[in-house]
Amino acid sequence: MSNDGRGRGSWLAARWLLVAVAVTLALAVPLTGREAALPVLLVLVPFSLVHGVRRYGAKVLLFFLAETLVVSNFFEDLSISTGFPFGHYHYTGGPQLIHVPIQIGPIYFGLGYACWLVASALLDEADADLGTRTRTGRRRIDAVALPMLAAALMTMFDVGSDSIASTVGGIWVWERGGGLFGVPYTNYLGWWLVTYVFFQIFAVHLTRSRVPVHTEDRGALLQPVLVYGALGLSSVPYFVAAPDGAVTDPTGTVWSGHAIDESMMIINLFSVVLVALLAVVKLAGRDSRVTEARPNLPTDPGGTAPIEGEPSCRHP
């Protein structure tokens, strides 16, 4: 095997290892009675770096990282100060960048990158089409549809987790409460708006830079789909193991902890987990079509045709 082949194998092994760690944490941590979102989201940060450098190249990934950190911190600080766009809230601890804990920006990046690729899987690998020079109608639609769907997937995750993190966990506090177990509806509208902004910026950057996106026949899009689905599934063992009890939000409203856990589980099963399953089916169908189109793949690493499982790229 060539050095280049060994290098690709090492990157692929590293990605699968991080996926395995994330999925294990998602299913095991809740059995201790603790919510698993934070450790899984932190694992998504190195995964996104390793995966993104291979798929987009270091410069493009660095652009996504930088603009995500800037946009998310700006709107978080704006909302803490003014109530727009999320609502009136504040964080309760940890080292902060202005008013926002330093881990929040990287979490936006890691979760955002995963949701971007899950959305791309649902839209037939739409991100790869953005870097082409051909100005087709499909490309123009994907440049808007992909950011909109990715933002919806991030918001979907937040709908199934924010009440536990805030009302139960107290990681941040909604000062005026809200109808969804102490969380206001403005939070979810704000999540969609803010994430759409940085996804749309990234889509425009991909379209204008015309950098070819490296794709793989298998694994590249399945990996973030598995982690995203595991985040949703984590609410099941959490519902089983989390201690029951009443919690009171800052407005004095008393909520049942058991009802919160049960509701978040149902929301996740019929949103995050369902979307992940749809993406798996979509990817399985795509791989079947690729196999049927190229039934005789070479086994010689020195061959000119692509080898199953080896990366390729869509050139402009």
# chains A, B, ... in the order shown; residues from 1 in each chain; ligands from 1

call {"tool": "residues_around", "arguments": {"residues": "region 113-124 of chain A", "least_positions_apart": "6", "cutoff": "7 Å", "atoms": "only C-alpha atoms", "output": "list in words"}}
result
Ser48, Leu146, Leu149, Ala150, Leu153, Met154, Leu221, Pro224, Val225, Ala279, Lys282 and Leu283 of chain A

call {"tool": "residues_around", "arguments": {"residues": "Leu61 (chain A)", "least_positions_apart": "4", "cutoff": "10 Å", "atoms": "only C-alpha atoms", "output": "PyMOL selection string"}}
result
chain A and resi 48-57+65-66+113+202

call {"tool": "atom_distance", "arguments": {"atom1": "CA of Ile107 (chain A)", "atom2": "CA of Gly169 (chain A)"}}
result
17.3 Å

call {"tool": "closest_residue", "arguments": {"among": "A:Leu97, A:Met264, A:Leu226, A:Ala259", "to": "Ala165 (chain A)", "atoms": "only C-alpha atoms"}}
result
A:Met264

call {"tool": "select_by_dssp", "arguments": {"residues": "region 132-295 of chain A", "states": "strand (DSSP E)", "output": "VMD selection string"}}
result
chain A and resid 172 to 174 213 to 216 246 to 248 254 to 256

call {"tool": "write_last_selection", "arguments": {"atoms": "N, CA, C and O atoms", "output": "short mmCIF file (atom, residue, chain, number, x, y, z; two decimals), in the first residue's frame"}}
result
data_model
loop_
_atom_site.label_atom_id
_atom_site.label_comp_id
_atom_site.auth_asym_id
_atom_site.auth_seq_id
_atom_site.Cartn_x
_atom_site.Cartn_y
_atom_site.Cartn_z
N TRP A 172 -27.79 26.86 31.96
CA TRP A 172 -28.19 28.25 31.71
C TRP A 172 -29.60 28.42 32.25
O TRP A 172 -30.33 27.44 32.46
N VAL A 173 -30.00 29.66 32.48
CA VAL A 173 -31.27 29.95 33.14
C VAL A 173 -32.10 30.87 32.26
O VAL A 173 -31.64 31.95 31.87
N TRP A 174 -33.33 30.44 31.98
CA TRP A 174 -34.28 31.30 31.26
C TRP A 174 -34.98 32.17 32.29
O TRP A 174 -35.82 31.71 33.05
N VAL A 213 -15.06 19.19 -3.37
CA VAL A 213 -15.34 18.49 -2.13
C VAL A 213 -15.00 17.03 -2.29
O VAL A 213 -15.51 16.36 -3.19
N HIS A 214 -14.14 16.51 -1.44
CA HIS A 214 -13.73 15.11 -1.51
C HIS A 214 -14.83 14.25 -0.90
O HIS A 214 -15.27 14.47 0.21
N THR A 215 -15.25 13.28 -1.66
CA THR A 215 -16.33 12.39 -1.21
C THR A 215 -15.83 10.96 -1.17
O THR A 215 -14.85 10.60 -1.82
N GLU A 216 -16.53 10.14 -0.41
CA GLU A 216 -16.22 8.72 -0.31
C GLU A 216 -17.48 7.93 -0.56
O GLU A 216 -18.59 8.38 -0.26
N ALA A 246 -39.33 17.16 41.31
CA ALA A 246 -39.87 18.40 40.78
C ALA A 246 -38.77 19.45 40.67
O ALA A 246 -37.84 19.49 41.47
N VAL A 247 -38.85 20.27 39.62
CA VAL A 247 -37.92 21.37 39.43
C VAL A 247 -38.72 22.66 39.26
O VAL A 247 -39.82 22.65 38.68
N THR A 248 -38.17 23.76 39.75
CA THR A 248 -38.86 25.04 39.70
C THR A 248 -38.05 26.02 38.86
O THR A 248 -36.85 26.19 39.10
N VAL A 254 -43.53 25.10 38.72
CA VAL A 254 -42.99 23.81 39.12
C VAL A 254 -43.24 22.80 37.99
O VAL A 254 -44.38 22.65 37.52
N TRP A 255 -42.19 22.12 37.59
CA TRP A 255 -42.28 21.13 36.52
C TRP A 255 -41.89 19.76 37.06
O TRP A 255 -41.00 19.64 37.91
N SER A 256 -42.49 18.73 36.53
CA SER A 256 -42.13 17.36 36.88
C SER A 256 -40.89 16.95 36.08
O SER A 256 -40.90 17.00 34.84
#

call {"tool": "residues_around", "arguments": {"residues": "Leu69 (chain A)", "least_positions_apart": "5", "cutoff": "8 Å", "atoms": "only C-alpha atoms", "output": "list in words"}}
result
Gly105, Pro106, Tyr108 and Phe109 of chain A

call {"tool": "atom_distance", "arguments": {"atom1": "CA of Thr82 (chain A)", "atom2": "CA of Pro184 (chain A)"}}
result
15.0 Å

call {"tool": "residues_around", "arguments": {"residues": "region 85-88 of chain A", "least_positions_apart": "2", "cutoff": "9 Å", "atoms": "only C-alpha atoms", "output": "mmCIF file with N, CA and C atoms, in the first residue's frame"}}
result
data_model
loop_
_atom_site.group_PDB
_atom_site.id
_atom_site.type_symbol
_atom_site.label_atom_id
_atom_site.label_comp_id
_atom_site.auth_asym_id
_atom_site.auth_seq_id
_atom_site.Cartn_x
_atom_site.Cartn_y
_atom_site.Cartn_z
ATOM 1 N N PHE A 75 -24.328 36.450 18.534
ATOM 2 C CA PHE A 75 -25.758 36.379 18.814
ATOM 3 C C PHE A 75 -26.040 35.924 20.245
ATOM 4 N N GLU A 76 -25.192 35.053 20.806
ATOM 5 C CA GLU A 76 -25.376 34.660 22.202
ATOM 6 C C GLU A 76 -25.203 35.871 23.125
ATOM 7 N N LEU A 78 -25.474 39.005 22.283
ATOM 8 C CA LEU A 78 -26.549 39.945 21.993
ATOM 9 C C LEU A 78 -27.820 39.550 22.738
ATOM 10 N N SER A 79 -28.136 38.258 22.748
ATOM 11 C CA SER A 79 -29.357 37.803 23.411
ATOM 12 C C SER A 79 -29.259 37.934 24.917
ATOM 13 N N ILE A 80 -28.104 37.635 25.477
ATOM 14 C CA ILE A 80 -27.924 37.782 26.921
ATOM 15 C C ILE A 80 -28.098 39.241 27.335
ATOM 16 N N SER A 81 -27.674 40.147 26.470
ATOM 17 C CA SER A 81 -27.754 41.576 26.779
ATOM 18 C C SER A 81 -29.127 42.179 26.476
ATOM 19 N N THR A 82 -29.781 41.709 25.400
ATOM 20 C CA THR A 82 -31.001 42.364 24.932
ATOM 21 C C THR A 82 -32.220 41.459 24.876
ATOM 22 N N GLY A 83 -32.033 40.151 24.882
ATOM 23 C CA GLY A 83 -33.151 39.216 24.718
ATOM 24 C C GLY A 83 -33.383 38.771 23.292
ATOM 25 N N HIS A 90 -29.163 33.598 31.011
ATOM 26 C CA HIS A 90 -27.750 33.782 31.336
ATOM 27 C C HIS A 90 -27.153 32.431 31.700
ATOM 28 N N VAL A 173 -30.000 29.659 32.484
ATOM 29 C CA VAL A 173 -31.274 29.946 33.141
ATOM 30 C C VAL A 173 -32.102 30.872 32.264
ATOM 31 N N TRP A 174 -33.330 30.444 31.981
ATOM 32 C CA TRP A 174 -34.278 31.300 31.264
ATOM 33 C C TRP A 174 -34.985 32.172 32.286
ATOM 34 N N GLU A 175 -34.608 33.446 32.287
ATOM 35 C CA GLU A 175 -34.999 34.343 33.374
ATOM 36 C C GLU A 175 -36.506 34.565 33.443
ATOM 37 N N ARG A 176 -37.196 34.468 32.312
ATOM 38 C CA ARG A 176 -38.641 34.685 32.290
ATOM 39 C C ARG A 176 -39.412 33.397 32.014
ATOM 40 N N GLY A 177 -38.733 32.260 32.111
ATOM 41 C CA GLY A 177 -39.375 30.981 31.894
ATOM 42 C C GLY A 177 -39.850 30.805 30.463
ATOM 43 N N PRO A 184 -38.602 29.296 26.484
ATOM 44 C CA PRO A 184 -39.515 30.056 25.628
ATOM 45 C C PRO A 184 -39.404 29.645 24.163
ATOM 46 N N TYR A 185 -40.485 29.861 23.437
ATOM 47 C CA TYR A 185 -40.488 29.526 22.005
ATOM 48 C C TYR A 185 -39.458 30.335 21.236
ATOM 49 N N THR A 186 -39.122 31.539 21.734
ATOM 50 C CA THR A 186 -38.142 32.374 21.049
ATOM 51 C C THR A 186 -36.781 31.705 20.962
ATOM 52 N N ASN A 187 -36.486 30.817 21.915
ATOM 53 C CA ASN A 187 -35.198 30.121 21.875
ATOM 54 C C ASN A 187 -35.046 29.319 20.599
ATOM 55 N N TYR A 188 -36.104 28.623 20.203
ATOM 56 C CA TYR A 188 -36.019 27.749 19.044
ATOM 57 C C TYR A 188 -36.040 28.540 17.740
ATOM 58 N N LEU A 189 -36.813 29.620 17.714
ATOM 59 C CA LEU A 189 -36.758 30.499 16.553
ATOM 60 C C LEU A 189 -35.366 31.107 16.413
ATOM 61 N N GLY A 190 -34.781 31.487 17.540
ATOM 62 C CA GLY A 190 -33.431 32.050 17.523
ATOM 63 C C GLY A 190 -32.393 31.040 17.082
ATOM 64 N N TRP A 191 -32.547 29.792 17.539
ATOM 65 C CA TRP A 191 -31.597 28.755 17.122
ATOM 66 C C TRP A 191 -31.622 28.569 15.610
ATOM 67 N N LEU A 193 -32.570 30.743 13.332
ATOM 68 C CA LEU A 193 -32.055 31.942 12.675
ATOM 69 C C LEU A 193 -30.532 31.989 12.730
ATOM 70 N N VAL A 194 -29.966 31.817 13.909
ATOM 71 C CA VAL A 194 -28.512 31.955 14.082
ATOM 72 C C VAL A 194 -27.781 30.869 13.310
#

call {"tool": "select_by_dssp", "arguments": {"residues": "region 185-274 of chain A", "states": "alpha helix (DSSP H)", "output": "PyMOL selection string"}}
result
chain A and resi 185-209+222-233+235-241+257-269+272-274
